[in-house]
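Below is one structure, written out as structure tokens; comments come after it.
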Amino acid sequence: MNFPHLEHHVVGEAMQLSRPIAEAASWRLAAELIRRHPDELYAIETHPMTGQYDCLSIYRHSGANRHDAVFQLNRMPGGHVTPKSWFSTQGERFNWLDVMLSVDLRREIVVPLEHMEGLVPPRETPQTTRTSIGARVIATALWSRLQSSPMYALNGVLDSSGAFGSGIQTDLFASFSGMSSQLDGHDPKELDGHPAYHYWFVIGHCNGADDQPILFCAALLTGDVVWKSRGSGKNSVALAAADDHLYARFADGTLALV
């Protein structure tokens, strides 16, 4: 593998980035992969190797190998971007400093990963669609809060091979009235057909015991804020999207339909 900035890669191999930075970097990469292949790829959170790893895993929606992750983005200290083909070659891999300090993320990181796994690079990056906007929103939210109060994204399923087990994160769904009904049925596009994989919860924290978070909506392509309002609840806030609505649940128990 050729590293465009070898000096960054060498430093990155010895560096252990904080969990918020690694998570934000993993979502930045995942969002670009999904935006370029919106009908082929999606992301879930996994904890393989008996729960030792913390991965944002990229899967295919269909095909013979849909149950094998195309990419494992491990956010643990010393983690790497691991394409499926690496397990047969055991060669070099991108680390998170490669991703964070890339001058051109697509050319330096994304396109080489596409070639490794037989993904056909699009001639032009597709416009954001309903299947790719979720990953972009999460990536933008996590990246924008790194310098203040970091945010975290939790999947609707705790998918782990560790001793603490796996299952639907019912406590997250229970925070939003009516969302439990979304877990019924079978979704052929999700891993094992379980619709809970489709949901992500973005968790944020505010500074101060009586803070009222300010919710805002911004255009992804321009950054223009098109709507902003102070939250009706206090302290930290969890966001969830369902049925074309955005739900906000605050730490004081307030639930708001945005």
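Residues in the structure tokens are numbered from 1 in each chain, the chains being A, B, ... in the order shown, and ligands are numbered from 1 in the order shown.
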
Just want the 7 Å neighbourhood of Thr82 of chain A, counted on only C-alpha atoms, with same-chain residues fewer than 6 positions away dropped. Output as a list of chain:residue names.
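Those residues are A:Phe71, A:Gln72, A:Leu73, A:Arg93.
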
Do you know which residues are at most 8 Å from Ala139 of chain A counting only C-alpha atoms, after dropping those on the same chain fewer than 6 positions away, and could you put them as a PDB file with N, CA, C and O atoms, in the first residue's frame?
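In the end it all went to around.pdb:
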ATOM      1  N   ALA A  24     -15.173  10.296  15.559  1.00  0.00           N
ATOM      2  CA  ALA A  24     -15.498  11.320  14.572  1.00  0.00           C
ATOM      3  C   ALA A  24     -14.822  11.019  13.236  1.00  0.00           C
ATOM      4  O   ALA A  24     -15.419  11.171  12.164  1.00  0.00           O
ATOM      5  N   TRP A  27     -16.628   8.143  11.404  1.00  0.00           N
ATOM      6  CA  TRP A  27     -17.870   8.566  10.761  1.00  0.00           C
ATOM      7  C   TRP A  27     -17.607   9.435   9.539  1.00  0.00           C
ATOM      8  O   TRP A  27     -18.352   9.391   8.554  1.00  0.00           O
ATOM      9  N   ARG A  28     -16.551  10.215   9.592  1.00  0.00           N
ATOM     10  CA  ARG A  28     -16.197  11.023   8.409  1.00  0.00           C
ATOM     11  C   ARG A  28     -15.900  10.108   7.227  1.00  0.00           C
ATOM     12  O   ARG A  28     -16.358  10.346   6.104  1.00  0.00           O
ATOM     13  N   ALA A  31     -19.189   8.067   6.186  1.00  0.00           N
ATOM     14  CA  ALA A  31     -20.157   8.910   5.484  1.00  0.00           C
ATOM     15  C   ALA A  31     -19.785   9.089   4.026  1.00  0.00           C
ATOM     16  O   ALA A  31     -20.652   9.095   3.143  1.00  0.00           O
TER      17      ALA A  31
END

Kindly indicate which residue among A:Asp98, A:Glu190, A:Asp159, A:Asp171 lies nearest to Pro4 of chain A, using only C-alpha atoms for the distances.
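Among the listed residues, the smallest separation from Pro4 of chain A belongs to A:Asp98.
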
My list of candidates is A:Leu158, A:Gly51, A:Met1, A:Pro20. Which is closest to Trp86 of chain A when distances are computed with only C-alpha atoms?
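Selected residue with least distance to Trp86 of chain A: A:Met1.
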
Surrounding residues of Met15 of chain A excluding itself and chain neighbours under 6 positions, 9 Å, only C-alpha atoms, as a list in words
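Contacts, in chain order: Pro77, Gly78 and Leu97 of chain A.
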
What's around Met151 of chain A at 9 Å? Count only C-alpha atoms, leave out sequence neighbours fewer than 6 positions away in its own chain, and write the answer as an MDAnalysis selection string.
chainID A and resid 20 24 141:143 145 202:205

Generate a file of the selected residues that holds all heavy atoms, formatted as a PDB file, in the first residue's frame.
ATOM      1  N   PRO A  20     -13.235  10.000  21.290  1.00  0.00           N
ATOM      2  CA  PRO A  20     -14.056  10.920  20.509  1.00  0.00           C
ATOM      3  C   PRO A  20     -13.445  11.266  19.151  1.00  0.00           C
ATOM      4  O   PRO A  20     -14.163  11.375  18.154  1.00  0.00           O
ATOM      5  CB  PRO A  20     -14.166  12.153  21.405  1.00  0.00           C
ATOM      6  CG  PRO A  20     -13.971  11.641  22.789  1.00  0.00           C
ATOM      7  CD  PRO A  20     -12.955  10.539  22.643  1.00  0.00           C
ATOM      8  N   ALA A  24     -15.173  10.296  15.559  1.00  0.00           N
ATOM      9  CA  ALA A  24     -15.498  11.320  14.572  1.00  0.00           C
ATOM     10  C   ALA A  24     -14.822  11.019  13.236  1.00  0.00           C
ATOM     11  O   ALA A  24     -15.419  11.171  12.164  1.00  0.00           O
ATOM     12  CB  ALA A  24     -15.077  12.695  15.081  1.00  0.00           C
ATOM     13  N   ALA A 141     -22.178  16.187  12.966  1.00  0.00           N
ATOM     14  CA  ALA A 141     -22.429  16.476  14.378  1.00  0.00           C
ATOM     15  C   ALA A 141     -21.230  16.122  15.242  1.00  0.00           C
ATOM     16  O   ALA A 141     -20.799  16.920  16.088  1.00  0.00           O
ATOM     17  CB  ALA A 141     -23.674  15.715  14.842  1.00  0.00           C
ATOM     18  N   LEU A 142     -20.669  14.932  15.037  1.00  0.00           N
ATOM     19  CA  LEU A 142     -19.543  14.494  15.861  1.00  0.00           C
ATOM     20  C   LEU A 142     -18.306  15.348  15.601  1.00  0.00           C
ATOM     21  O   LEU A 142     -17.584  15.710  16.535  1.00  0.00           O
ATOM     22  CB  LEU A 142     -19.235  13.017  15.583  1.00  0.00           C
ATOM     23  CG  LEU A 142     -19.940  11.989  16.480  1.00  0.00           C
ATOM     24  CD1 LEU A 142     -21.455  12.117  16.400  1.00  0.00           C
ATOM     25  CD2 LEU A 142     -19.519  10.582  16.110  1.00  0.00           C
ATOM     26  N   TRP A 143     -18.063  15.657  14.343  1.00  0.00           N
ATOM     27  CA  TRP A 143     -16.853  16.417  13.989  1.00  0.00           C
ATOM     28  C   TRP A 143     -16.935  17.840  14.531  1.00  0.00           C
ATOM     29  O   TRP A 143     -15.944  18.393  15.006  1.00  0.00           O
ATOM     30  CB  TRP A 143     -16.680  16.424  12.478  1.00  0.00           C
ATOM     31  CG  TRP A 143     -15.280  16.717  12.050  1.00  0.00           C
ATOM     32  CD1 TRP A 143     -14.784  17.904  11.607  1.00  0.00           C
ATOM     33  CD2 TRP A 143     -14.161  15.809  12.046  1.00  0.00           C
ATOM     34  NE1 TRP A 143     -13.447  17.793  11.327  1.00  0.00           N
ATOM     35  CE2 TRP A 143     -13.042  16.518  11.582  1.00  0.00           C
ATOM     36  CE3 TRP A 143     -14.019  14.462  12.383  1.00  0.00           C
ATOM     37  CZ2 TRP A 143     -11.788  15.934  11.444  1.00  0.00           C
ATOM     38  CZ3 TRP A 143     -12.768  13.875  12.252  1.00  0.00           C
ATOM     39  CH2 TRP A 143     -11.676  14.604  11.782  1.00  0.00           C
ATOM     40  N   ARG A 145     -18.334  18.964  17.166  1.00  0.00           N
ATOM     41  CA  ARG A 145     -18.323  19.097  18.623  1.00  0.00           C
ATOM     42  C   ARG A 145     -17.009  18.644  19.262  1.00  0.00           C
ATOM     43  O   ARG A 145     -16.911  18.620  20.494  1.00  0.00           O
ATOM     44  CB  ARG A 145     -19.480  18.277  19.209  1.00  0.00           C
ATOM     45  CG  ARG A 145     -20.851  18.864  18.939  1.00  0.00           C
ATOM     46  CD  ARG A 145     -21.158  20.054  19.828  1.00  0.00           C
ATOM     47  NE  ARG A 145     -21.271  19.648  21.215  1.00  0.00           N
ATOM     48  CZ  ARG A 145     -22.406  19.227  21.767  1.00  0.00           C
ATOM     49  NH1 ARG A 145     -23.513  19.182  21.051  1.00  0.00           N
ATOM     50  NH2 ARG A 145     -22.435  18.860  23.032  1.00  0.00           N
ATOM     51  N   VAL A 202     -27.726   9.759  18.666  1.00  0.00           N
ATOM     52  CA  VAL A 202     -26.599  10.665  18.882  1.00  0.00           C
ATOM     53  C   VAL A 202     -26.732  11.263  20.266  1.00  0.00           C
ATOM     54  O   VAL A 202     -27.735  11.912  20.590  1.00  0.00           O
ATOM     55  CB  VAL A 202     -26.567  11.775  17.820  1.00  0.00           C
ATOM     56  CG1 VAL A 202     -25.395  12.726  18.078  1.00  0.00           C
ATOM     57  CG2 VAL A 202     -26.442  11.165  16.423  1.00  0.00           C
ATOM     58  N   ILE A 203     -25.741  11.021  21.101  1.00  0.00           N
ATOM     59  CA  ILE A 203     -25.769  11.433  22.496  1.00  0.00           C
ATOM     60  C   ILE A 203     -24.803  12.586  22.692  1.00  0.00           C
ATOM     61  O   ILE A 203     -23.634  12.509  22.317  1.00  0.00           O
ATOM     62  CB  ILE A 203     -25.362  10.276  23.434  1.00  0.00           C
ATOM     63  CG1 ILE A 203     -26.153   9.004  23.089  1.00  0.00           C
ATOM     64  CG2 ILE A 203     -25.550  10.662  24.886  1.00  0.00           C
ATOM     65  CD1 ILE A 203     -27.638   9.135  23.258  1.00  0.00           C
ATOM     66  N   GLY A 204     -25.300  13.676  23.273  1.00  0.00           N
ATOM     67  CA  GLY A 204     -24.457  14.839  23.518  1.00  0.00           C
ATOM     68  C   GLY A 204     -24.576  15.307  24.952  1.00  0.00           C
ATOM     69  O   GLY A 204     -25.519  14.955  25.659  1.00  0.00           O
ATOM     70  N   HIS A 205     -23.602  16.089  25.397  1.00  0.00           N
ATOM     71  CA  HIS A 205     -23.597  16.618  26.756  1.00  0.00           C
ATOM     72  C   HIS A 205     -23.376  18.123  26.697  1.00  0.00           C
ATOM     73  O   HIS A 205     -22.656  18.620  25.839  1.00  0.00           O
ATOM     74  CB  HIS A 205     -22.486  15.984  27.600  1.00  0.00           C
ATOM     75  CG  HIS A 205     -22.663  14.515  27.773  1.00  0.00           C
ATOM     76  ND1 HIS A 205     -23.513  13.965  28.701  1.00  0.00           N
ATOM     77  CD2 HIS A 205     -22.116  13.468  27.093  1.00  0.00           C
ATOM     78  CE1 HIS A 205     -23.478  12.648  28.610  1.00  0.00           C
ATOM     79  NE2 HIS A 205     -22.641  12.319  27.652  1.00  0.00           N
TER      80      HIS A 205
END

List every residue of segment 13-199 of chain A that DSSP, applied to the backbone of this structure, places in strand (DSSP E or B), and write the result as an MDAnalysis selection string.
chainID A and resid 41:47 55:60 71:74 80:83 94:95 152:155 157:160 167:168

So that I can see what lies close to Gly185 of chain A, please list as a list of chain:residue names the residues with an atom at most 10 Å from it, counting only C-alpha atoms and leaving out residues fewer than 6 positions away in the same chain.
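Once the adjacent positions are removed, what remains is A:Gly193, A:His194, A:Pro195.
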
Backbone-only DSSP, helix (DSSP H, G or I) members of segment 87-178 of chain A, as a PyMOL selection string:
chain A and resi 87-89+96-100+105-116+133-144+170-174

Residues as selected, N, CA and C atoms, written as an mmCIF file, in the first residue's frame, can you do that?
data_model
loop_
_atom_site.group_PDB
_atom_site.id
_atom_site.type_symbol
_atom_site.label_atom_id
_atom_site.label_comp_id
_atom_site.auth_asym_id
_atom_site.auth_seq_id
_atom_site.Cartn_x
_atom_site.Cartn_y
_atom_site.Cartn_z
ATOM 1 N N PHE A 87 -7.481 -9.560 5.633
ATOM 2 C CA PHE A 87 -7.367 -10.796 6.406
ATOM 3 C C PHE A 87 -6.667 -11.909 5.620
ATOM 4 N N SER A 88 -6.598 -11.758 4.299
ATOM 5 C CA SER A 88 -5.870 -12.737 3.488
ATOM 6 C C SER A 88 -4.467 -12.267 3.120
ATOM 7 N N THR A 89 -4.216 -10.956 3.256
ATOM 8 C CA THR A 89 -2.901 -10.424 2.880
ATOM 9 C C THR A 89 -2.061 -10.011 4.081
ATOM 10 N N TRP A 96 -5.825 6.100 11.873
ATOM 11 C CA TRP A 96 -6.713 7.256 11.966
ATOM 12 C C TRP A 96 -6.016 8.570 11.716
ATOM 13 N N LEU A 97 -4.719 8.631 11.916
ATOM 14 C CA LEU A 97 -4.012 9.859 11.571
ATOM 15 C C LEU A 97 -3.955 10.020 10.050
ATOM 16 N N ASP A 98 -3.840 8.910 9.295
ATOM 17 C CA ASP A 98 -3.916 8.975 7.833
ATOM 18 C C ASP A 98 -5.226 9.617 7.401
ATOM 19 N N VAL A 99 -6.312 9.198 8.055
ATOM 20 C CA VAL A 99 -7.636 9.714 7.693
ATOM 21 C C VAL A 99 -7.764 11.184 8.076
ATOM 22 N N MET A 100 -7.385 11.529 9.297
ATOM 23 C CA MET A 100 -7.593 12.880 9.790
ATOM 24 C C MET A 100 -6.765 13.926 9.050
ATOM 25 N N LEU A 105 -9.473 13.432 1.108
ATOM 26 C CA LEU A 105 -9.936 12.168 1.679
ATOM 27 C C LEU A 105 -10.321 11.167 0.603
ATOM 28 N N ARG A 106 -11.020 11.606 -0.416
ATOM 29 C CA ARG A 106 -11.473 10.675 -1.459
ATOM 30 C C ARG A 106 -10.301 10.073 -2.212
ATOM 31 N N ARG A 107 -9.406 10.921 -2.686
ATOM 32 C CA ARG A 107 -8.300 10.428 -3.512
ATOM 33 C C ARG A 107 -7.312 9.604 -2.708
ATOM 34 N N GLU A 108 -7.006 10.031 -1.480
ATOM 35 C CA GLU A 108 -5.948 9.392 -0.699
ATOM 36 C C GLU A 108 -6.416 8.175 0.088
ATOM 37 N N ILE A 109 -7.667 8.166 0.508
ATOM 38 C CA ILE A 109 -8.156 7.094 1.382
ATOM 39 C C ILE A 109 -9.307 6.315 0.749
ATOM 40 N N VAL A 110 -10.361 7.011 0.330
ATOM 41 C CA VAL A 110 -11.586 6.340 -0.106
ATOM 42 C C VAL A 110 -11.380 5.543 -1.387
ATOM 43 N N VAL A 111 -10.803 6.140 -2.413
ATOM 44 C CA VAL A 111 -10.629 5.429 -3.690
ATOM 45 C C VAL A 111 -9.741 4.197 -3.540
ATOM 46 N N PRO A 112 -8.606 4.267 -2.837
ATOM 47 C CA PRO A 112 -7.833 3.031 -2.626
ATOM 48 C C PRO A 112 -8.630 1.943 -1.915
ATOM 49 N N LEU A 113 -9.456 2.322 -0.931
ATOM 50 C CA LEU A 113 -10.286 1.329 -0.247
ATOM 51 C C LEU A 113 -11.305 0.717 -1.210
ATOM 52 N N GLU A 114 -11.880 1.532 -2.075
ATOM 53 C CA GLU A 114 -12.841 1.027 -3.058
ATOM 54 C C GLU A 114 -12.179 -0.010 -3.967
ATOM 55 N N HIS A 115 -10.990 0.289 -4.421
ATOM 56 C CA HIS A 115 -10.279 -0.650 -5.310
ATOM 57 C C HIS A 115 -9.956 -1.953 -4.576
ATOM 58 N N MET A 116 -9.598 -1.870 -3.308
ATOM 59 C CA MET A 116 -9.261 -3.082 -2.554
ATOM 60 C C MET A 116 -10.439 -4.045 -2.479
ATOM 61 N N ILE A 133 -27.991 10.388 3.856
ATOM 62 C CA ILE A 133 -27.966 11.619 4.648
ATOM 63 C C ILE A 133 -27.735 11.342 6.129
ATOM 64 N N GLY A 134 -28.221 10.198 6.644
ATOM 65 C CA GLY A 134 -28.046 9.901 8.060
ATOM 66 C C GLY A 134 -26.590 9.858 8.475
ATOM 67 N N ALA A 135 -25.773 9.158 7.688
ATOM 68 C CA ALA A 135 -24.342 9.062 8.014
ATOM 69 C C ALA A 135 -23.670 10.422 7.939
ATOM 70 N N ARG A 136 -24.091 11.251 7.004
ATOM 71 C CA ARG A 136 -23.486 12.578 6.872
ATOM 72 C C ARG A 136 -23.867 13.479 8.041
ATOM 73 N N VAL A 137 -25.104 13.380 8.493
ATOM 74 C CA VAL A 137 -25.538 14.182 9.636
ATOM 75 C C VAL A 137 -24.754 13.792 10.885
ATOM 76 N N ILE A 138 -24.619 12.487 11.116
ATOM 77 C CA ILE A 138 -23.867 12.023 12.289
ATOM 78 C C ILE A 138 -22.416 12.475 12.211
ATOM 79 N N ALA A 139 -21.801 12.316 11.045
ATOM 80 C CA ALA A 139 -20.405 12.712 10.880
ATOM 81 C C ALA A 139 -20.224 14.201 11.156
ATOM 82 N N THR A 140 -21.131 15.020 10.629
ATOM 83 C CA THR A 140 -21.046 16.464 10.833
ATOM 84 C C THR A 140 -21.219 16.823 12.302
ATOM 85 N N ALA A 141 -22.178 16.187 12.966
ATOM 86 C CA ALA A 141 -22.429 16.476 14.378
ATOM 87 C C ALA A 141 -21.230 16.122 15.242
ATOM 88 N N LEU A 142 -20.669 14.932 15.037
ATOM 89 C CA LEU A 142 -19.543 14.494 15.861
ATOM 90 C C LEU A 142 -18.306 15.348 15.601
ATOM 91 N N TRP A 143 -18.063 15.657 14.343
ATOM 92 C CA TRP A 143 -16.853 16.417 13.989
ATOM 93 C C TRP A 143 -16.935 17.840 14.531
ATOM 94 N N SER A 144 -18.133 18.435 14.478
ATOM 95 C CA SER A 144 -18.287 19.837 14.888
ATOM 96 C C SER A 144 -18.153 20.026 16.391
ATOM 97 N N THR A 170 -32.794 -1.550 24.180
ATOM 98 C CA THR A 170 -34.174 -1.164 24.487
ATOM 99 C C THR A 170 -34.258 0.124 25.294
ATOM 100 N N ASP A 171 -33.225 0.410 26.100
ATOM 101 C CA ASP A 171 -33.259 1.635 26.893
ATOM 102 C C ASP A 171 -33.234 2.865 25.999
ATOM 103 N N LEU A 172 -32.542 2.784 24.871
ATOM 104 C CA LEU A 172 -32.509 3.908 23.943
ATOM 105 C C LEU A 172 -33.859 4.088 23.255
ATOM 106 N N PHE A 173 -34.424 2.985 22.776
ATOM 107 C CA PHE A 173 -35.720 3.073 22.099
ATOM 108 C C PHE A 173 -36.821 3.504 23.066
ATOM 109 N N ALA A 174 -36.734 3.066 24.319
ATOM 110 C CA ALA A 174 -37.767 3.391 25.298
ATOM 111 C C ALA A 174 -37.819 4.882 25.603
#

Need to verify the contact set: segment 39-42 of chain A, 9 Å, only C-alpha atoms, exclusion of same-chain residues closer than 2 positions in sequence. Can you return it as a compact mmCIF listing (two decimals) with all heavy atoms, in the first residue's frame?
# COMPACT_ATOMS: atom_id res chain seq x y z
N ALA A 30 -16.80 6.79 6.95
CA ALA A 30 -17.99 6.00 6.62
C ALA A 30 -19.00 6.80 5.82
O ALA A 30 -19.60 6.30 4.87
CB ALA A 30 -18.62 5.48 7.90
N LEU A 33 -17.91 6.97 2.17
CA LEU A 33 -18.10 5.68 1.50
C LEU A 33 -19.58 5.45 1.18
O LEU A 33 -19.95 5.03 0.08
CB LEU A 33 -17.57 4.55 2.35
CG LEU A 33 -16.05 4.38 2.40
CD1 LEU A 33 -15.64 3.48 3.56
CD2 LEU A 33 -15.53 3.80 1.08
N ILE A 34 -20.45 5.72 2.16
CA ILE A 34 -21.88 5.50 1.96
C ILE A 34 -22.45 6.50 0.97
O ILE A 34 -23.32 6.16 0.15
CB ILE A 34 -22.61 5.58 3.31
CG1 ILE A 34 -22.19 4.39 4.19
CG2 ILE A 34 -24.13 5.57 3.13
CD1 ILE A 34 -22.68 4.48 5.62
N ARG A 35 -21.96 7.74 1.00
CA ARG A 35 -22.46 8.73 0.03
C ARG A 35 -22.12 8.32 -1.39
O ARG A 35 -22.90 8.54 -2.32
CB ARG A 35 -21.87 10.10 0.34
CG ARG A 35 -22.39 11.19 -0.61
CD ARG A 35 -22.13 12.58 -0.09
NE ARG A 35 -20.75 12.95 -0.15
CZ ARG A 35 -20.32 14.15 -0.57
NH1 ARG A 35 -21.19 15.05 -0.97
NH2 ARG A 35 -19.05 14.43 -0.57
N ARG A 36 -20.97 7.70 -1.59
CA ARG A 36 -20.55 7.29 -2.93
C ARG A 36 -21.22 5.99 -3.37
O ARG A 36 -21.28 5.70 -4.56
CB ARG A 36 -19.02 7.14 -2.96
CG ARG A 36 -18.31 8.49 -2.90
CD ARG A 36 -16.83 8.33 -2.57
NE ARG A 36 -16.08 7.62 -3.59
CZ ARG A 36 -15.57 8.18 -4.69
NH1 ARG A 36 -15.78 9.48 -4.94
NH2 ARG A 36 -14.87 7.47 -5.54
N HIS A 37 -21.70 5.21 -2.39
CA HIS A 37 -22.36 3.93 -2.71
C HIS A 37 -23.63 3.79 -1.87
O HIS A 37 -23.77 2.86 -1.07
CB HIS A 37 -21.40 2.77 -2.42
CG HIS A 37 -20.08 2.89 -3.12
ND1 HIS A 37 -19.88 2.48 -4.42
CD2 HIS A 37 -18.88 3.41 -2.69
CE1 HIS A 37 -18.62 2.72 -4.76
NE2 HIS A 37 -18.00 3.28 -3.74
N ILE A 44 -23.10 -0.28 10.72
CA ILE A 44 -23.61 -0.66 12.03
C ILE A 44 -22.42 -0.62 13.01
O ILE A 44 -21.26 -0.53 12.59
CB ILE A 44 -24.27 -2.05 12.06
CG1 ILE A 44 -23.22 -3.15 11.83
CG2 ILE A 44 -25.39 -2.15 11.05
CD1 ILE A 44 -23.77 -4.55 12.05
N SER A 57 -18.71 -0.73 11.44
CA SER A 57 -18.54 -1.75 10.40
C SER A 57 -19.42 -1.44 9.19
O SER A 57 -20.60 -1.13 9.34
CB SER A 57 -18.91 -3.14 10.95
OG SER A 57 -18.09 -3.45 12.06
N ILE A 58 -18.82 -1.52 8.01
CA ILE A 58 -19.52 -1.21 6.76
C ILE A 58 -19.88 -2.52 6.08
O ILE A 58 -19.00 -3.35 5.80
CB ILE A 58 -18.64 -0.36 5.82
CG1 ILE A 58 -18.05 0.83 6.58
CG2 ILE A 58 -19.46 0.10 4.62
CD1 ILE A 58 -19.06 1.79 7.13
N TYR A 59 -21.17 -2.70 5.82
CA TYR A 59 -21.69 -3.91 5.20
C TYR A 59 -22.34 -3.60 3.85
O TYR A 59 -22.69 -2.45 3.57
CB TYR A 59 -22.73 -4.59 6.10
CG TYR A 59 -22.15 -5.36 7.26
CD1 TYR A 59 -21.75 -4.70 8.42
CD2 TYR A 59 -22.02 -6.74 7.20
CE1 TYR A 59 -21.23 -5.40 9.49
CE2 TYR A 59 -21.50 -7.45 8.27
CZ TYR A 59 -21.11 -6.78 9.41
OH TYR A 59 -20.59 -7.48 10.47
N ARG A 60 -22.52 -4.65 3.05
CA ARG A 60 -23.29 -4.54 1.83
C ARG A 60 -24.76 -4.88 2.11
O ARG A 60 -25.06 -5.72 2.95
CB ARG A 60 -22.76 -5.50 0.76
CG ARG A 60 -21.47 -5.04 0.09
CD ARG A 60 -21.11 -5.97 -1.06
NE ARG A 60 -20.07 -5.41 -1.90
CZ ARG A 60 -18.76 -5.63 -1.73
NH1 ARG A 60 -18.38 -6.42 -0.73
NH2 ARG A 60 -17.88 -5.07 -2.53
N HIS A 61 -25.65 -4.22 1.39
CA HIS A 61 -27.08 -4.49 1.54
C HIS A 61 -27.47 -5.87 1.00
O HIS A 61 -28.41 -6.48 1.47
CB HIS A 61 -27.91 -3.43 0.81
CG HIS A 61 -28.07 -2.17 1.59
ND1 HIS A 61 -28.70 -2.11 2.81
CD2 HIS A 61 -27.67 -0.89 1.32
CE1 HIS A 61 -28.70 -0.86 3.25
NE2 HIS A 61 -28.08 -0.11 2.37
N SER A 62 -26.74 -6.33 -0.02
CA SER A 62 -27.13 -7.58 -0.66
C SER A 62 -25.90 -8.30 -1.19
O SER A 62 -24.78 -7.79 -1.10
CB SER A 62 -28.12 -7.30 -1.80
OG SER A 62 -27.52 -6.46 -2.78
N VAL A 70 -17.43 -5.30 4.85
CA VAL A 70 -16.51 -4.86 3.80
C VAL A 70 -15.34 -4.12 4.43
O VAL A 70 -14.19 -4.29 4.02
CB VAL A 70 -17.23 -3.94 2.79
CG1 VAL A 70 -16.31 -3.61 1.62
CG2 VAL A 70 -18.52 -4.57 2.30
N THR A 131 -30.87 7.68 1.79
CA THR A 131 -30.11 6.54 2.30
C THR A 131 -28.70 6.91 2.75
O THR A 131 -28.04 6.12 3.41
CB THR A 131 -30.03 5.42 1.25
OG1 THR A 131 -29.46 5.95 0.04
CG2 THR A 131 -31.41 4.85 0.94
N SER A 132 -28.25 8.10 2.38
CA SER A 132 -26.89 8.50 2.78
C SER A 132 -26.86 9.69 3.72
O SER A 132 -25.83 9.97 4.33
CB SER A 132 -26.05 8.82 1.54
OG SER A 132 -26.60 9.92 0.81
N ALA A 135 -25.77 9.16 7.69
CA ALA A 135 -24.34 9.06 8.01
C ALA A 135 -23.67 10.42 7.94
O ALA A 135 -22.79 10.74 8.76
CB ALA A 135 -23.66 8.09 7.06
N GLU A 190 -31.38 -5.06 6.15
CA GLU A 190 -30.56 -4.95 7.37
C GLU A 190 -29.92 -6.29 7.71
O GLU A 190 -30.40 -7.35 7.31
CB GLU A 190 -31.43 -4.47 8.53
CG GLU A 190 -32.01 -3.09 8.33
CD GLU A 190 -30.97 -2.01 8.19
OE1 GLU A 190 -29.85 -2.15 8.73
OE2 GLU A 190 -31.24 -1.01 7.51
N HIS A 198 -31.10 -0.26 11.88
CA HIS A 198 -31.29 0.91 11.04
C HIS A 198 -31.25 2.21 11.84
O HIS A 198 -31.11 3.29 11.27
CB HIS A 198 -32.65 0.79 10.33
CG HIS A 198 -32.92 1.87 9.35
ND1 HIS A 198 -32.22 2.02 8.17
CD2 HIS A 198 -33.82 2.89 9.36
CE1 HIS A 198 -32.68 3.06 7.51
NE2 HIS A 198 -33.65 3.61 8.21

State, in Å with one decimal place, the distance from atom CA of Gly79 of chain A to atom CA of His47 of chain A.
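Computing it gives 12.7 Å between the two atoms.
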